[in-house]
Amino acid sequence: MKKTDWYTEEWAGEGSAISLKIRQKIHDEQSPYQRIEIYETETFGTLMTLDGLVMVTDRDNFIYHEMMSHPAMFTHAAPKRVLIIGGGDCGSLREVLKHSTVESAEQVELDERVTRVAEKFFPDLCESNNNPRAKLHFADGIQWAADAKPETYDIIIVDSTDPIGPAAGLFSEAFYKNCFKALRPKGIFVGQSESPLFHAKLIKSMRQAMTTAGFSEVATLNFPQCTYPSGWWSATLAGKGINLSEFRTPAPKNKAVVTRYYNPGIHQAASATPEFLRKALM
């Protein structure tokens, strides 16, 4: 098999990589911010990469999008206003809008082309883009948080790329302070926090910055994500005067919020911290 029949992403410094067998590349463009490529793979469906890094595949994206949204949504008593920063593929937006309490879900994505390409090649992820409760903004999420009026949102979800380039500011104490200000009392912030196996130092620094920014409690949730570095990913929640260990248990027959990965048992189990990570976070 020729090397060109495979998409390979090398994980620098970790001595590992992932490869997906591809049938063909079906889209390639340079946006004002990054290179967007779409592949048709043999076993993972459609694949989107940004600057050569895996962003989303048909086969496993549901795990990430559900864990980025439902744990926070079910921990809050009744989330009405939600802000999503990043999330250009619109999968997290779709999951948020499954909750009937939501009156407004605003998505602030820097690169409009990511969303427009996703609408073409990932229509299932974008099925809620025209929901009357959804508002799409193509702007700088860091500036959006800085300009937000105090106590505007119940939940803020940061569905970002890795902490490099324009996304680096989404992992800073200054950004967390602005999000804290923009959240209502008992509000929840959640941000993707990379791999517990590869990026424990980053997770520790995020948690420390969130605490310094004013959040009363933080919690890191673990979940598998086979196409991301190490195959193991995380989301870190921060609460504004709310107990993150208590969450509303969705009724098993609640058809309003249909999931493929998330359920009450997963929610509880995801908060368990492996011993090596517990020590790294001390």
# chains A, B, ... in the order shown; residues from 1 in each chain; ligands from 1

$ residues_around --residues "stretch 257-267 of chain A" --least-positions-apart "3" --cutoff "6 Å" --atoms "only C-alpha atoms" --output "list of chain:residue names"
A:Ile63, A:Lys98, A:Thr249, A:Ala270

$ residues_around --residues "A:Met67" --least-positions-apart "3" --cutoff "9 Å" --atoms "only C-alpha atoms" --output "PyMOL selection string"
chain A and resi 62-64+70-72+221-223+234-235+261-262+267

$ write_last_selection --atoms "C-alpha atoms" --output "short mmCIF file (atom, residue, chain, number, x, y, z; two decimals), in the first residue's frame"
data_model
loop_
_atom_site.label_atom_id
_atom_site.label_comp_id
_atom_site.auth_asym_id
_atom_site.auth_seq_id
_atom_site.Cartn_x
_atom_site.Cartn_y
_atom_site.Cartn_z
CA PHE A 62 -20.24 12.05 18.93
CA ILE A 63 -18.14 11.20 21.99
CA TYR A 64 -16.36 14.55 22.02
CA HIS A 70 -24.11 17.36 28.30
CA PRO A 71 -22.13 17.12 31.57
CA ALA A 72 -22.30 20.91 31.96
CA LEU A 221 -13.73 14.74 32.92
CA ASN A 222 -12.01 11.97 30.95
CA PHE A 223 -13.26 10.22 27.83
CA SER A 234 -10.61 15.56 28.56
CA ALA A 235 -12.88 18.49 29.29
CA TYR A 261 -22.24 7.97 24.47
CA TYR A 262 -23.30 10.16 27.39
CA HIS A 267 -21.04 11.31 33.71
#

$ residues_around --residues "stretch 161-177 of chain A" --least-positions-apart "5" --cutoff "8 Å" --atoms "only C-alpha atoms" --output "list in words"
Met55, Gly86, Ile142, Ala145, Ala146, Glu194, Met206, Ala209, Met210, Thr212, Ala213 and Gly214 of chain A

$ atom_distance --atom1 "atom CA of A:Leu237" --atom2 "atom CA of A:Val190"
4.3 Å

$ closest_residue --among "A:Val82, A:Leu183, A:Val218, A:Cys226" --to "A:Asn243" --atoms "only C-alpha atoms"
A:Val218

$ atom_distance --atom1 "atom CA of A:Ser230" --atom2 "atom CA of A:Lys120"
29.2 Å

$ closest_residue --among "A:Pro229, A:Gly141, A:Pro123, A:Gly191" --to "A:Thr46" --atoms "only C-alpha atoms"
A:Pro123

$ closest_residue --among "A:Glu275, A:Gly231, A:Met73, A:Glu29" --to "A:Ser16" --atoms "only C-alpha atoms"
A:Gly231

$ closest_residue --among "A:Lys80, A:Arg207, A:His199, A:Arg113" --to "A:Gly13" --atoms "only C-alpha atoms"
A:His199

$ atom_distance --atom1 "atom CA of A:Ile188" --atom2 "atom CA of A:Gly239"
4.7 Å

$ select_by_dssp --residues "stretch 30-278 of chain A" --states "alpha helix (DSSP H)" --output "PyMOL selection string"
chain A and resi 61-75+91-96+112-121+141-147+173-182+200-212+264-270+275-278

$ residues_around --residues "A:Tyr7" --least-positions-apart "2" --cutoff "8 Å" --atoms "only C-alpha atoms" --output "list of chain:residue names"
A:Thr4, A:Asp5, A:Glu9, A:Ser19, A:Leu20, A:Lys21, A:Ile22

$ closest_residue --among "A:Ile155, A:Ala134, A:Ala269, A:Val54" --to "A:Arg184" --atoms "only C-alpha atoms"
A:Ile155

$ residues_around --residues "A:Arg278" --least-positions-apart "4" --cutoff "10 Å" --atoms "only C-alpha atoms" --output "PyMOL selection string"
chain A and resi 200+204+272-274+282

$ write_last_selection --atoms "N, CA and C atoms" --output "tab-separated table (two decimals), in the first residue's frame"
chain	number	residue	atom	x	y	z
A	200	ALA	N	-0.77	16.62	30.91
A	200	ALA	CA	-1.15	16.82	32.31
A	200	ALA	C	-0.72	18.21	32.82
A	204	LYS	N	-3.19	21.01	34.54
A	204	LYS	CA	-2.91	21.62	35.84
A	204	LYS	C	-2.90	23.14	35.74
A	272	ALA	N	-13.89	10.46	37.66
A	272	ALA	CA	-12.87	9.75	38.43
A	272	ALA	C	-11.49	10.09	37.89
A	273	THR	N	-10.56	10.40	38.78
A	273	THR	CA	-9.22	10.83	38.37
A	273	THR	C	-8.22	9.70	38.55
A	274	PRO	N	-7.56	9.27	37.46
A	274	PRO	CA	-6.51	8.24	37.60
A	274	PRO	C	-5.42	8.71	38.57
A	282	MET	N	-1.64	17.94	41.67
A	282	MET	CA	-1.46	18.45	43.03
A	282	MET	C	-0.57	19.70	43.04

$ residues_around --residues "A:Lys240" --least-positions-apart "3" --cutoff "7 Å" --atoms "only C-alpha atoms" --output "number ranges by chain"
A: 185-188, 215-216

$ write_last_selection --atoms "C-alpha atoms" --output "tab-separated table (two decimals), in the first residue's frame"
chain	number	residue	atom	x	y	z
A	185	PRO	CA	-24.38	32.99	39.47
A	186	LYS	CA	-24.19	29.16	39.49
A	187	GLY	CA	-22.93	29.31	35.92
A	188	ILE	CA	-20.57	26.76	34.42
A	215	PHE	CA	-14.17	29.91	39.96
A	216	SER	CA	-15.06	28.13	43.18

$ select_by_dssp --residues "stretch 39-252 of chain A" --states "strand (DSSP E or B)" --output "PyMOL selection string"
chain A and resi 39-41+46-50+53-57+81-86+104-108+134-137+153-159+183-192+217-224+232-239

$ closest_residue --among "A:Tyr228, A:Phe138, A:Gly241, A:Glu151" --to "A:Ala17" --atoms "only C-alpha atoms"
A:Tyr228

$ decode --residues "stretch 45-58 of chain A" --atoms "N, CA, C and O atoms" --output "PDB file, in the first residue's frame"
ATOM      1  N   GLY A  45     -15.499   7.389   7.843  1.00  0.00           N
ATOM      2  CA  GLY A  45     -16.367   8.335   7.162  1.00  0.00           C
ATOM      3  C   GLY A  45     -15.604   9.563   6.715  1.00  0.00           C
ATOM      4  O   GLY A  45     -14.431   9.495   6.330  1.00  0.00           O
ATOM      5  N   THR A  46     -16.252  10.699   6.778  1.00  0.00           N
ATOM      6  CA  THR A  46     -15.621  11.960   6.375  1.00  0.00           C
ATOM      7  C   THR A  46     -14.702  12.467   7.475  1.00  0.00           C
ATOM      8  O   THR A  46     -15.025  12.393   8.662  1.00  0.00           O
ATOM      9  N   LEU A  47     -13.563  12.993   7.071  1.00  0.00           N
ATOM     10  CA  LEU A  47     -12.547  13.519   7.976  1.00  0.00           C
ATOM     11  C   LEU A  47     -12.266  14.968   7.627  1.00  0.00           C
ATOM     12  O   LEU A  47     -12.054  15.292   6.461  1.00  0.00           O
ATOM     13  N   MET A  48     -12.262  15.838   8.637  1.00  0.00           N
ATOM     14  CA  MET A  48     -11.820  17.230   8.460  1.00  0.00           C
ATOM     15  C   MET A  48     -10.522  17.436   9.219  1.00  0.00           C
ATOM     16  O   MET A  48     -10.412  17.055  10.386  1.00  0.00           O
ATOM     17  N   THR A  49      -9.548  18.051   8.541  1.00  0.00           N
ATOM     18  CA  THR A  49      -8.324  18.458   9.215  1.00  0.00           C
ATOM     19  C   THR A  49      -8.142  19.960   9.053  1.00  0.00           C
ATOM     20  O   THR A  49      -8.558  20.547   8.058  1.00  0.00           O
ATOM     21  N   LEU A  50      -7.533  20.576  10.058  1.00  0.00           N
ATOM     22  CA  LEU A  50      -7.179  21.989  10.015  1.00  0.00           C
ATOM     23  C   LEU A  50      -5.675  22.097  10.200  1.00  0.00           C
ATOM     24  O   LEU A  50      -5.144  21.625  11.224  1.00  0.00           O
ATOM     25  N   ASP A  51      -5.002  22.668   9.234  1.00  0.00           N
ATOM     26  CA  ASP A  51      -3.538  22.758   9.254  1.00  0.00           C
ATOM     27  C   ASP A  51      -2.911  21.396   9.534  1.00  0.00           C
ATOM     28  O   ASP A  51      -1.921  21.277  10.274  1.00  0.00           O
ATOM     29  N   GLY A  52      -3.509  20.360   8.957  1.00  0.00           N
ATOM     30  CA  GLY A  52      -2.947  19.017   9.052  1.00  0.00           C
ATOM     31  C   GLY A  52      -3.266  18.261  10.320  1.00  0.00           C
ATOM     32  O   GLY A  52      -2.751  17.155  10.523  1.00  0.00           O
ATOM     33  N   LEU A  53      -4.131  18.809  11.179  1.00  0.00           N
ATOM     34  CA  LEU A  53      -4.498  18.149  12.434  1.00  0.00           C
ATOM     35  C   LEU A  53      -5.951  17.694  12.376  1.00  0.00           C
ATOM     36  O   LEU A  53      -6.825  18.427  11.914  1.00  0.00           O
ATOM     37  N   VAL A  54      -6.209  16.488  12.883  1.00  0.00           N
ATOM     38  CA  VAL A  54      -7.570  15.955  12.888  1.00  0.00           C
ATOM     39  C   VAL A  54      -8.475  16.832  13.741  1.00  0.00           C
ATOM     40  O   VAL A  54      -8.164  17.128  14.897  1.00  0.00           O
ATOM     41  N   MET A  55      -9.603  17.231  13.167  1.00  0.00           N
ATOM     42  CA  MET A  55     -10.610  17.974  13.916  1.00  0.00           C
ATOM     43  C   MET A  55     -11.837  17.122  14.191  1.00  0.00           C
ATOM     44  O   MET A  55     -12.353  17.098  15.306  1.00  0.00           O
ATOM     45  N   VAL A  56     -12.325  16.428  13.160  1.00  0.00           N
ATOM     46  CA  VAL A  56     -13.576  15.695  13.337  1.00  0.00           C
ATOM     47  C   VAL A  56     -13.669  14.584  12.303  1.00  0.00           C
ATOM     48  O   VAL A  56     -13.217  14.743  11.158  1.00  0.00           O
ATOM     49  N   THR A  57     -14.223  13.448  12.702  1.00  0.00           N
ATOM     50  CA  THR A  57     -14.566  12.376  11.768  1.00  0.00           C
ATOM     51  C   THR A  57     -16.000  11.955  12.045  1.00  0.00           C
ATOM     52  O   THR A  57     -16.515  12.130  13.151  1.00  0.00           O
ATOM     53  N   ASP A  58     -16.623  11.381  11.035  1.00  0.00           N
ATOM     54  CA  ASP A  58     -17.993  10.893  11.200  1.00  0.00           C
ATOM     55  C   ASP A  58     -18.087   9.843  12.305  1.00  0.00           C
ATOM     56  O   ASP A  58     -19.060   9.812  13.056  1.00  0.00           O
TER      57      ASP A  58
END
